[in-house]
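Below is one structure, written out as C-alpha cells, with a few remarks after it.
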There are 2 protein chains.
Amino acid sequence: MAHPERPAPRRLLHLNAFLMNAGHHDAAWRHPRTRPDRVTDVRYFQELARTAERGKLDSVFLADGLALWGQVAHNALGGFEPLTLLSALAVATERIGLIATVSTTFNEPFHTARKFASLDHISGGRAGWNIVTSGTVQEARNFGREEHLEHGLRYERAREFVEVATRLWDSWEDGAVLLDRERGIYADAEKVRPIGHRGEHFGVQGPLNVPRSPQGHPLLVQAGSSEDGKEFAARYAEAVFTAQQTLADALAFAGDLRGRLARHGRAEDAVRILPGICPVIGSTEAEARALEQELTDLQVPEYGLAQLSGMLGTDLTGLPLDGPLPELPEERDINGNKSRFTLVAELARRDGLTLRQLIARLGGGRGHLVVAGTPERIAGLIEEWFTRGAADGFNIMPPYLPGGLDHFVDQVVPILQERRLFRTEYTGRTLREHYGLPRPAGARSESPESPLALA
Amino acid sequence: MAHPERPAPRRLLHLNAFLMNAGHHDAAWRHPRTRPDRVTDVRYFQELARTAERGKLDSVFLADGLALWGQVAHNALGGFEPLTLLSALAVATERIGLIATVSTTFNEPFHTARKFASLDHISGGRAGWNIVTSGTVQEARNFGREEHLEHGLRYERAREFVEVATRLWDSWEDGAVLLDRERGIYADAEKVRPIGHRGEHFGVQGPLNVPRSPQGHPLLVQAGSSEDGKEFAARYAEAVFTAQQTLADALAFAGDLRGRLARHGRAEDAVRILPGICPVIGSTEAEARALEQELTDLQVPEYGLAQLSGMLGTDLTGLPLDGPLPELPEERDINGNKSRFTLVAELARRDGLTLRQLIARLGGGRGHLVVAGTPERIAGLIEEWFTRGAADGFNIMPPYLPGGLDHFVDQVVPILQERRLFRTEYTGRTLREHYGLPRPAGARSESPESPLALA
C-alpha cells in the first residue's frame with residue numbers, strides 16, 4: 001500500500017568504526033591514553049565494539065594483511081586474525097555489523113565463502129567482506145611466491161573468486177532445509193546443488209557445506225581505488241572504502257564510480273561510498289591541534305620512513321628528513337596499492353612537503369583524511385561531504401583507542417543525530433538493513449545457470 | 001621444594017565433548033528430543049559447551065570436512081566452520097579446551113598457524129588443533145583437483161605443514177613485546193624473526209603476524225590410525241583420537257603407539273590416547289537398549305548405504321540390505337581413511353553382519369565404540385579401558401543432543417569423580433594444563449635453527 005502523503009525516507013549517513021590495535025595514528029601506542037598491552041585481549045575489542053554499538057554505528061571494520069608489515073620495533077603490530085576476532089565480537093554485540101578484510105589473492109573461495117557464511121549465521125546476518133587483492137611482496141613470500149602476482153592478474157583472480165563465492169552462497173536455496181522428521185527428509189536435495197565451477201583460477205564443485213545464511217551473501221565491500229579497483233567495485237561492491245584528501249577529489253571519485261555503475265547496469269545508489277576519516281577531537285580547536293602535535297611528536301621517524309618507502313615503492317632510507325621527496329616512479333610501475341601511491345605522491349607535490357612533514361601528515365591516517373578539531377567542526381565536515389554527494393558515510397579511524405572512539409560516539413554522533421543525519425536507534429537487524437541494501441534473491445531451481453543476483 | 005611424603009599425583013581421565021549438530025547418531029535429527037532446527041544457532045553450541053564445562057570436561061572437539069558429504073536429503077548436514085564457531089564458544093566459556101579439526105591438505109600453514117594463534121589468544125590458552133589430511137575426492141574437487149592427493153603424499157605434506165606452523169608460532173619469542181613507550185620500542189626486533197622456510201610443499205618467509213600465544217603452540221591432536229597416521233602421531237601429536245571397537249584392539253593400538261614414541265625419542269606418556277565412545281544412556285539396561293533401537297528404527301537405509309559405500313570405497317547401491325557384504329578391496333588400495341576402512345571391514349567379517357546390521361552398528365559412532373547401558377555400565381567400561389592402559393580418556397560422542405551430553409555430564413561424570421578417576425574442579429587454565437602437558441619452550445635467539453620443541 002502506497003502512502004503518497006509520507007515523505008521519502010530521509011537519506012542517512014553510514015558510519016563504520018574502523019578498529020586498529022592502539023589506534024590509527026602510528027604513534028598511538030606510545031600515547032599514555034592507549035592500551036597497547038591489550039591488543040591481544042579479546043575483551044578490549046569487545047568493549048570497542050560495544051562502544052560503536054552504543055553509538056548506533058553501522059559496523060566495526062577490520063583491515064588485514066598476511067604478513068607482519070613495517071617495523072615491529074616501533075609500532076604495536078601483530079594481533080588477531082579478523083574472522084576469528086569478529087566471531088568473538090558477534091556474540092558480544094547484538095546489532096552492529098561486522099566487516100572483515102580477506103584477500104582473494106592468497107585464499108580459496110570455498111574456505112572464504114564458508115567462513116563468511118558461518119559468521120553471518122553466528123551474528124544473525126551482520127557479516128561483511130572487505131575484498132582486497134593484497135599489495136605486498138611480503139605477503140606473497142608467506143605463500144610460496146617470490147614475486148607478487150601482477151596487479152591486473154590479481155583483479156582477474158578476484159573477479160572469479162567473488163563469482164565462485166557467490167555461487168557457493170547460493171548453492172543452498174532459501175527454504176532448502178525441510179526438517180521433515182516423519183518422512184526422514186532433512187533437506188530438499190533439489191535445492192542444495194553443486195556449482196560445478198571450472199575456471200581459469202579455480203575449480204570448485206560445491207555445494208557449500210553451510211546452509212544459506214541470514215543475509216544470503218555477506219555485504220560486499222571493496223577498498224581499492226585504482227582503475228582495476230574501481231571497475232571491480234562498480235561490478236561487485238555494495239560499499240566502497242576509499243581514501244580521499246579533499247572534497248573535490250571525493251566528489252570526482254564518487255562521480256566516476258557512479259558513472260561506472262550505470263555501465264554495469266546497476267542503480268546509482270547501489271553502492272555506499274565511504275571515505276576514511278581520522279578525527280582528532282578536542283573540546284577546542286587548540287586542544288585538538290595540541291593532541292595532533294602530541295601524537296606527531298611521538299612518531300619514530302625511522303618507522304615513518306619505512307612505511308613511506310612501502311607506500312611509494314621507493315627506498316627512502318638515509319634520505320634527509322628535512323629534504324624533499326626524490327624522483328618517484330609512475331603509477332603504472334607500482335604493483336602494490338596503486339591508488340594510495342598516487343594519493344601520497346600528489347599530496348607531497350601539492351603541499352610541497354619535506355619527508356618529515358609528509359610522515360607527520362600520514363601518521364594519523366596513512367593517506368586517509370585527518371581532521372583535527374572540535375566535534376562541531378568534524379560533524380560539519382561529515383555533513384558537508386555527505387550533503388554534497390561526495391560520501392554516503394565514513395569509515396571512522398580513531399587516531400587513538402579507546403578514547404578516540406569514545407569521543408566520536410559521545411560528542412560527534414549526537415550532533416549528527418540532532419541534525420537528523422544519523423540514526424538514533426537501529427531500525428534493522430542485519431548489516432544489509434543498516435546500509436539500506438536488499439538481501440540477494442539467490443539462485444532458483446528453475447535457472448541453475450542464472451547470472452549473479454547481487455543488486 | 002620436594003615433598004617426598006606426598007603421593008604422586010593420581011592419573012586422571014581426559015574427556016572431550018565431541019559435538020555434532022543433532023548428535024552423533026545418523027538418525028538423531030529425527031528423534032523428538034533433538035533440535036536440528038538449531039544447528040546454525042550459535043547459542044545452541046554455546047549451551048552445549050557450557051554443559052561440557054559444567055562437567056569439567058577437558059575440551060569440546062569439532063570434526064570437519066571440506067565438502068558437503070553424504071545425502072543432505074536424509075541427515076542434518078552442513079553447519080558452522082569450526083574455527084569461527086570455537087571463537088564464539090571461547091568467549092562464552094572460561095576453562096574448557098577448544099579443539100578444531102583443520103586439514104593440512106587444503107590449507108596454507110600461514111593461515112592455519114595464524115588462526116590457531118588467534119583462537120589461543122581469544123580463549124586465554126585453550127586452543128587445540130586436530131590435524132587431519134582429508135580423505136575424500138569430494139573435498140579435492142572443492143579445491144581445483146580432480147583426484148585426491150595420494151595418502152602417503154598427504155602425510156608428507158602434513159609433516160612439512162606442522163613443522164612450518166610450529167616455526168611460525170615460535171617466530172615471536174616469549175617476551176618479545178617490550179612496550180617501551182619512552183624509548184619508542186614496541187618489540188625487541190631480535191625476538192621476532194623470519195623463518196625463511198623453503199620446502200617441498202611450502203615457502204613461508206614469516207614471521208607470523210600474531211605474537212606468541214598463551215600456550216605457545218595449540219595442543220596438537222591427530223586422528224588417523226593408519227601406518228602413516230600412527231607414525232605422524234608418534235612424531236608430532238600430543239593427543240590421539242582413535243576408533244577402537246574392543247579392549248583388545250585398543251590395548252594393541254596403545255602399545256603400538258607408545259612403542260613408536262620411544263623410537264622418536266619421546267616419553268611414553270607424551271601422548272594422550274583418546275578412543276571415541278558413543279554412550280547410549282538409560283536409567284536401566286532395558287531403557288538404554290530401547291533408546292538405541294528407537295534410533296536404529298529412525299535410520300534411513302539409503303543414507304546408511306551411501307555412508308557405508310564411502311567408508312568402504314565400494315559402491316553398495318542396490319545391494320540387498322539383508323545380504324552380506326560384497327568382496328572388498330585391500331586397505332592398500334584405499335586412498336581415503338584407511339584405518340576406518342579396515343575397522344569396518346573387520347567388524348562386518350567378525351560378527352558376520354548383513355548390510356542392514358552393519359548400517360545399524362555404524363549409525364551411532366561411524367565406527368567408534370557404541371555402548372548402550374546404564375551410567376554405571378558406561379562408567380565401568382571407561383574405567384576398565386583407562387586402568388588397563390588402553391586409553392588415557394575418551395572423546396565422548398553423544399548419540400543425540402543436547403540430552404545425550406546432559407546425561408553423560410549429570411550421570412556418568414559423577415560416578416567417575418566418585419571413583420577418583422576424573423577431576424571435580426579444573427586445576428588449570430589452559431588446555432595443555434588440563435591434559436597435563438608442558439608449554440613448548442619456543443625458539444631462542446641463540447639458536448634460530450634449533451629443532452622443534454614439541455614435547
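If you're wondering about the labels, chains in the C-alpha cells are A, B, ... by order shown, residues count from 1 in each chain, ligands from 1 in order shown.
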I need the chain A residues near chain B as a PDB file with N, CA, C and O atoms, in the first residue's frame; criterion: at most 6 Å, counting only C-alpha atoms.
ATOM      1  N   ARG A  30      52.293   4.809  21.851  1.00  0.00           N
ATOM      2  CA  ARG A  30      53.181   5.500  22.804  1.00  0.00           C
ATOM      3  C   ARG A  30      52.410   6.501  23.660  1.00  0.00           C
ATOM      4  O   ARG A  30      52.949   7.037  24.626  1.00  0.00           O
ATOM      5  N   VAL A  42      40.840 -10.099  23.860  1.00  0.00           N
ATOM      6  CA  VAL A  42      39.583 -10.047  23.112  1.00  0.00           C
ATOM      7  C   VAL A  42      38.589  -9.106  23.791  1.00  0.00           C
ATOM      8  O   VAL A  42      37.762  -8.475  23.118  1.00  0.00           O
ATOM      9  N   ALA A  67      51.068 -10.557   6.363  1.00  0.00           N
ATOM     10  CA  ALA A  67      52.483 -10.518   6.727  1.00  0.00           C
ATOM     11  C   ALA A  67      52.611  -9.524   7.868  1.00  0.00           C
ATOM     12  O   ALA A  67      51.723  -8.702   8.083  1.00  0.00           O
ATOM     13  N   LEU A  68      53.697  -9.644   8.586  1.00  0.00           N
ATOM     14  CA  LEU A  68      53.984  -8.646   9.621  1.00  0.00           C
ATOM     15  C   LEU A  68      54.704  -7.500   8.942  1.00  0.00           C
ATOM     16  O   LEU A  68      55.892  -7.553   8.667  1.00  0.00           O
ATOM     17  N   VAL A  72      58.176  -3.833  13.577  1.00  0.00           N
ATOM     18  CA  VAL A  72      57.512  -4.167  14.835  1.00  0.00           C
ATOM     19  C   VAL A  72      58.289  -3.580  16.005  1.00  0.00           C
ATOM     20  O   VAL A  72      57.784  -3.463  17.113  1.00  0.00           O
ATOM     21  N   ALA A  73      59.539  -3.176  15.751  1.00  0.00           N
ATOM     22  CA  ALA A  73      60.311  -2.496  16.803  1.00  0.00           C
ATOM     23  C   ALA A  73      59.619  -1.208  17.233  1.00  0.00           C
ATOM     24  O   ALA A  73      59.728  -0.797  18.386  1.00  0.00           O
ATOM     25  N   HIS A  74      58.870  -0.575  16.304  1.00  0.00           N
ATOM     26  CA  HIS A  74      58.379   0.775  16.594  1.00  0.00           C
ATOM     27  C   HIS A  74      56.876   0.960  16.492  1.00  0.00           C
ATOM     28  O   HIS A  74      56.406   2.094  16.465  1.00  0.00           O
ATOM     29  N   ASN A  75      56.116  -0.108  16.365  1.00  0.00           N
ATOM     30  CA  ASN A  75      54.656   0.067  16.379  1.00  0.00           C
ATOM     31  C   ASN A  75      54.003  -1.201  16.912  1.00  0.00           C
ATOM     32  O   ASN A  75      54.568  -2.293  16.815  1.00  0.00           O
ATOM     33  N   GLY A  78      50.793  -6.703  14.734  1.00  0.00           N
ATOM     34  CA  GLY A  78      50.522  -8.105  15.064  1.00  0.00           C
ATOM     35  C   GLY A  78      49.344  -8.176  15.997  1.00  0.00           C
ATOM     36  O   GLY A  78      49.232  -7.410  16.961  1.00  0.00           O
ATOM     37  N   GLY A  79      48.423  -9.104  15.708  1.00  0.00           N
ATOM     38  CA  GLY A  79      47.259  -9.236  16.565  1.00  0.00           C
ATOM     39  C   GLY A  79      46.349 -10.298  16.012  1.00  0.00           C
ATOM     40  O   GLY A  79      46.820 -11.250  15.400  1.00  0.00           O
ATOM     41  N   PHE A  80      45.061 -10.096  16.181  1.00  0.00           N
ATOM     42  CA  PHE A  80      44.108 -11.137  15.818  1.00  0.00           C
ATOM     43  C   PHE A  80      43.895 -11.270  14.312  1.00  0.00           C
ATOM     44  O   PHE A  80      43.924 -10.276  13.582  1.00  0.00           O
ATOM     45  N   GLU A  81      43.600 -12.485  13.886  1.00  0.00           N
ATOM     46  CA  GLU A  81      43.095 -12.723  12.533  1.00  0.00           C
ATOM     47  C   GLU A  81      41.638 -12.228  12.544  1.00  0.00           C
ATOM     48  O   GLU A  81      40.875 -12.564  13.456  1.00  0.00           O
ATOM     49  N   THR A  84      38.384 -14.667  13.007  1.00  0.00           N
ATOM     50  CA  THR A  84      38.346 -15.267  14.341  1.00  0.00           C
ATOM     51  C   THR A  84      37.886 -14.223  15.355  1.00  0.00           C
ATOM     52  O   THR A  84      37.084 -14.515  16.247  1.00  0.00           O
ATOM     53  N   SER A  87      34.055 -13.190  15.092  1.00  0.00           N
ATOM     54  CA  SER A  87      33.147 -14.180  15.655  1.00  0.00           C
ATOM     55  C   SER A  87      32.989 -13.944  17.163  1.00  0.00           C
ATOM     56  O   SER A  87      31.872 -14.038  17.703  1.00  0.00           O
ATOM     57  N   ALA A  88      34.076 -13.609  17.812  1.00  0.00           N
ATOM     58  CA  ALA A  88      34.023 -13.307  19.252  1.00  0.00           C
ATOM     59  C   ALA A  88      33.320 -11.973  19.512  1.00  0.00           C
ATOM     60  O   ALA A  88      32.728 -11.788  20.571  1.00  0.00           O
ATOM     61  N   SER A 118      29.463 -18.776   7.888  1.00  0.00           N
ATOM     62  CA  SER A 118      29.458 -19.079   9.325  1.00  0.00           C
ATOM     63  C   SER A 118      29.272 -17.810  10.147  1.00  0.00           C
ATOM     64  O   SER A 118      28.431 -17.762  11.047  1.00  0.00           O
ATOM     65  N   ILE A 122      26.412 -16.865  12.739  1.00  0.00           N
ATOM     66  CA  ILE A 122      26.750 -16.597  14.146  1.00  0.00           C
ATOM     67  C   ILE A 122      26.238 -15.228  14.575  1.00  0.00           C
ATOM     68  O   ILE A 122      25.764 -15.050  15.691  1.00  0.00           O
ATOM     69  N   ARG A 141      55.466 -13.846  -0.148  1.00  0.00           N
ATOM     70  CA  ARG A 141      56.528 -14.716   0.378  1.00  0.00           C
ATOM     71  C   ARG A 141      56.065 -15.591   1.541  1.00  0.00           C
ATOM     72  O   ARG A 141      56.793 -16.502   1.938  1.00  0.00           O
ATOM     73  N   ASN A 142      54.891 -15.319   2.080  1.00  0.00           N
ATOM     74  CA  ASN A 142      54.334 -16.240   3.085  1.00  0.00           C
ATOM     75  C   ASN A 142      53.496 -17.336   2.442  1.00  0.00           C
ATOM     76  O   ASN A 142      52.974 -18.210   3.124  1.00  0.00           O
ATOM     77  N   PHE A 143      53.358 -17.255   1.097  1.00  0.00           N
ATOM     78  CA  PHE A 143      52.527 -18.222   0.388  1.00  0.00           C
ATOM     79  C   PHE A 143      53.257 -18.798  -0.821  1.00  0.00           C
ATOM     80  O   PHE A 143      52.682 -18.996  -1.887  1.00  0.00           O
ATOM     81  N   GLY A 144      54.551 -19.014  -0.634  1.00  0.00           N
ATOM     82  CA  GLY A 144      55.303 -19.776  -1.627  1.00  0.00           C
ATOM     83  C   GLY A 144      55.655 -19.049  -2.896  1.00  0.00           C
ATOM     84  O   GLY A 144      56.053 -19.677  -3.887  1.00  0.00           O
ATOM     85  N   ARG A 181      10.815 -34.716   9.875  1.00  0.00           N
ATOM     86  CA  ARG A 181      11.243 -35.880  10.660  1.00  0.00           C
ATOM     87  C   ARG A 181      10.437 -37.121  10.316  1.00  0.00           C
ATOM     88  O   ARG A 181      10.966 -38.237  10.274  1.00  0.00           O
ATOM     89  N   GLY A 184      11.622 -38.482   7.134  1.00  0.00           N
ATOM     90  CA  GLY A 184      13.080 -38.649   7.073  1.00  0.00           C
ATOM     91  C   GLY A 184      13.741 -37.781   6.026  1.00  0.00           C
ATOM     92  O   GLY A 184      14.791 -38.116   5.495  1.00  0.00           O
ATOM     93  N   ILE A 185      13.125 -36.646   5.719  1.00  0.00           N
ATOM     94  CA  ILE A 185      13.690 -35.723   4.718  1.00  0.00           C
ATOM     95  C   ILE A 185      14.208 -34.478   5.437  1.00  0.00           C
ATOM     96  O   ILE A 185      13.429 -33.652   5.911  1.00  0.00           O
ATOM     97  N   TYR A 186      15.548 -34.369   5.522  1.00  0.00           N
ATOM     98  CA  TYR A 186      16.117 -33.198   6.192  1.00  0.00           C
ATOM     99  C   TYR A 186      16.092 -31.978   5.264  1.00  0.00           C
ATOM    100  O   TYR A 186      15.668 -30.905   5.644  1.00  0.00           O
ATOM    101  N   ALA A 187      16.589 -32.174   4.049  1.00  0.00           N
ATOM    102  CA  ALA A 187      16.631 -31.052   3.104  1.00  0.00           C
ATOM    103  C   ALA A 187      16.108 -31.511   1.750  1.00  0.00           C
ATOM    104  O   ALA A 187      16.177 -32.697   1.406  1.00  0.00           O
ATOM    105  N   ASP A 188      15.585 -30.561   1.018  1.00  0.00           N
ATOM    106  CA  ASP A 188      15.158 -30.822  -0.351  1.00  0.00           C
ATOM    107  C   ASP A 188      16.420 -30.845  -1.215  1.00  0.00           C
ATOM    108  O   ASP A 188      17.004 -29.797  -1.500  1.00  0.00           O
ATOM    109  N   ALA A 189      16.823 -32.059  -1.619  1.00  0.00           N
ATOM    110  CA  ALA A 189      18.099 -32.208  -2.328  1.00  0.00           C
ATOM    111  C   ALA A 189      18.109 -31.434  -3.650  1.00  0.00           C
ATOM    112  O   ALA A 189      19.176 -31.086  -4.165  1.00  0.00           O
ATOM    113  N   PHE A 202      40.174 -21.256 -10.495  1.00  0.00           N
ATOM    114  CA  PHE A 202      39.595 -22.149  -9.505  1.00  0.00           C
ATOM    115  C   PHE A 202      38.744 -23.239 -10.143  1.00  0.00           C
ATOM    116  O   PHE A 202      38.126 -23.027 -11.185  1.00  0.00           O
ATOM    117  N   GLY A 203      38.743 -24.380  -9.465  1.00  0.00           N
ATOM    118  CA  GLY A 203      37.802 -25.443  -9.789  1.00  0.00           C
ATOM    119  C   GLY A 203      37.078 -25.794  -8.500  1.00  0.00           C
ATOM    120  O   GLY A 203      37.711 -26.228  -7.540  1.00  0.00           O
ATOM    121  N   VAL A 204      35.801 -25.565  -8.460  1.00  0.00           N
ATOM    122  CA  VAL A 204      35.037 -25.766  -7.223  1.00  0.00           C
ATOM    123  C   VAL A 204      33.727 -26.475  -7.559  1.00  0.00           C
ATOM    124  O   VAL A 204      32.873 -25.925  -8.258  1.00  0.00           O
ATOM    125  N   GLN A 205      33.591 -27.672  -7.028  1.00  0.00           N
ATOM    126  CA  GLN A 205      32.416 -28.468  -7.342  1.00  0.00           C
ATOM    127  C   GLN A 205      31.191 -28.032  -6.530  1.00  0.00           C
ATOM    128  O   GLN A 205      30.096 -27.968  -7.041  1.00  0.00           O
ATOM    129  N   ASN A 209      29.119 -26.315   2.349  1.00  0.00           N
ATOM    130  CA  ASN A 209      28.643 -27.139   3.475  1.00  0.00           C
ATOM    131  C   ASN A 209      28.079 -26.287   4.621  1.00  0.00           C
ATOM    132  O   ASN A 209      28.138 -26.681   5.781  1.00  0.00           O
ATOM    133  N   VAL A 210      27.522 -25.146   4.232  1.00  0.00           N
ATOM    134  CA  VAL A 210      26.800 -24.291   5.186  1.00  0.00           C
ATOM    135  C   VAL A 210      25.489 -23.875   4.525  1.00  0.00           C
ATOM    136  O   VAL A 210      25.511 -23.390   3.389  1.00  0.00           O
TER     137      VAL A 210
END
Fill in: Test item: residues at most 7 Å from Ile273 in chain A, only C-alpha atoms, excluding those fewer than 4 positions along its chain, as a ChimeraX atom specification
/A:239-241,391-393
Worksheet, complete the sentence: With distances taken over only C-alpha atoms, the candidate from A:Pro214, A:Pro279, A:Gly128, A:Pro375 nearest Leu401 in chain A is A:Pro279
Item to complete: Based on DSSP run over this structure's backbone, return all residues of range 246-298 of chain A in strand (DSSP E), as a ChimeraX atom specification.
Response: /A:272-281
Keeping only N, CA and C atoms, write those residues as a short mmCIF file (atom, residue, chain, number, x, y, z; two decimals), in the first residue's frame.
data_model
loop_
_atom_site.label_atom_id
_atom_site.label_comp_id
_atom_site.auth_asym_id
_atom_site.auth_seq_id
_atom_site.Cartn_x
_atom_site.Cartn_y
_atom_site.Cartn_z
N ARG A 272 27.40 2.15 -1.44
CA ARG A 272 27.65 3.19 -0.43
C ARG A 272 29.13 3.57 -0.50
N ILE A 273 29.41 4.83 -0.70
CA ILE A 273 30.79 5.31 -0.81
C ILE A 273 31.22 5.88 0.53
N LEU A 274 32.27 5.30 1.09
CA LEU A 274 32.68 5.61 2.46
C LEU A 274 34.17 5.97 2.53
N PRO A 275 34.51 7.26 2.43
CA PRO A 275 35.91 7.62 2.64
C PRO A 275 36.31 7.36 4.09
N GLY A 276 37.60 7.16 4.30
CA GLY A 276 38.12 7.07 5.66
C GLY A 276 38.34 8.46 6.22
N ILE A 277 38.12 8.62 7.53
CA ILE A 277 38.43 9.89 8.18
C ILE A 277 38.99 9.60 9.57
N CYS A 278 40.09 10.26 9.85
CA CYS A 278 40.73 10.12 11.17
C CYS A 278 40.45 11.40 11.95
N PRO A 279 39.47 11.35 12.87
CA PRO A 279 39.09 12.58 13.57
C PRO A 279 39.90 12.75 14.85
N VAL A 280 40.65 13.83 14.91
CA VAL A 280 41.43 14.15 16.13
C VAL A 280 40.61 15.17 16.90
N ILE A 281 39.92 14.70 17.92
CA ILE A 281 38.87 15.50 18.54
C ILE A 281 39.39 16.21 19.79
#
Practice prompt. Compile the contact shell of range 150-159 of chain B as a list of chain:residue names: residues with an atom at most 9 Å away, counting only C-alpha atoms, same-chain residues fewer than 2 positions apart removed.
Written response: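 Counting only C-alpha atoms, the residues come to B:Ser103, B:Thr104, B:Thr105, B:Ile131, B:Val132, B:Thr133, B:Ser134, B:Gly135, B:Glu147, B:His148, B:Phe161, B:Val162, B:Glu163, B:Val164, B:Glu200, B:His201, B:Phe202, B:Asp228, B:Gly229, B:Phe232, B:Tyr236, B:Ile334, B:Asn335, B:Gly336, B:Asn337, B:Lys338.
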Worksheet item: Just how far from CA of Trp129 in chain B is CA of Val344 in chain B, in Å to one decimal?
Response: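 CA of Trp129 in chain B lies at a distance of 26.1 Å from CA of Val344 in chain B.
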Discussion item. Measuring between only C-alpha atoms, which one of A:Gly404, A:Gln307, A:Arg33, A:Leu358 shows the shortest distance to Leu321 in chain A?
Written reply: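 Closest residue, counting only C-alpha atoms: A:Leu358.
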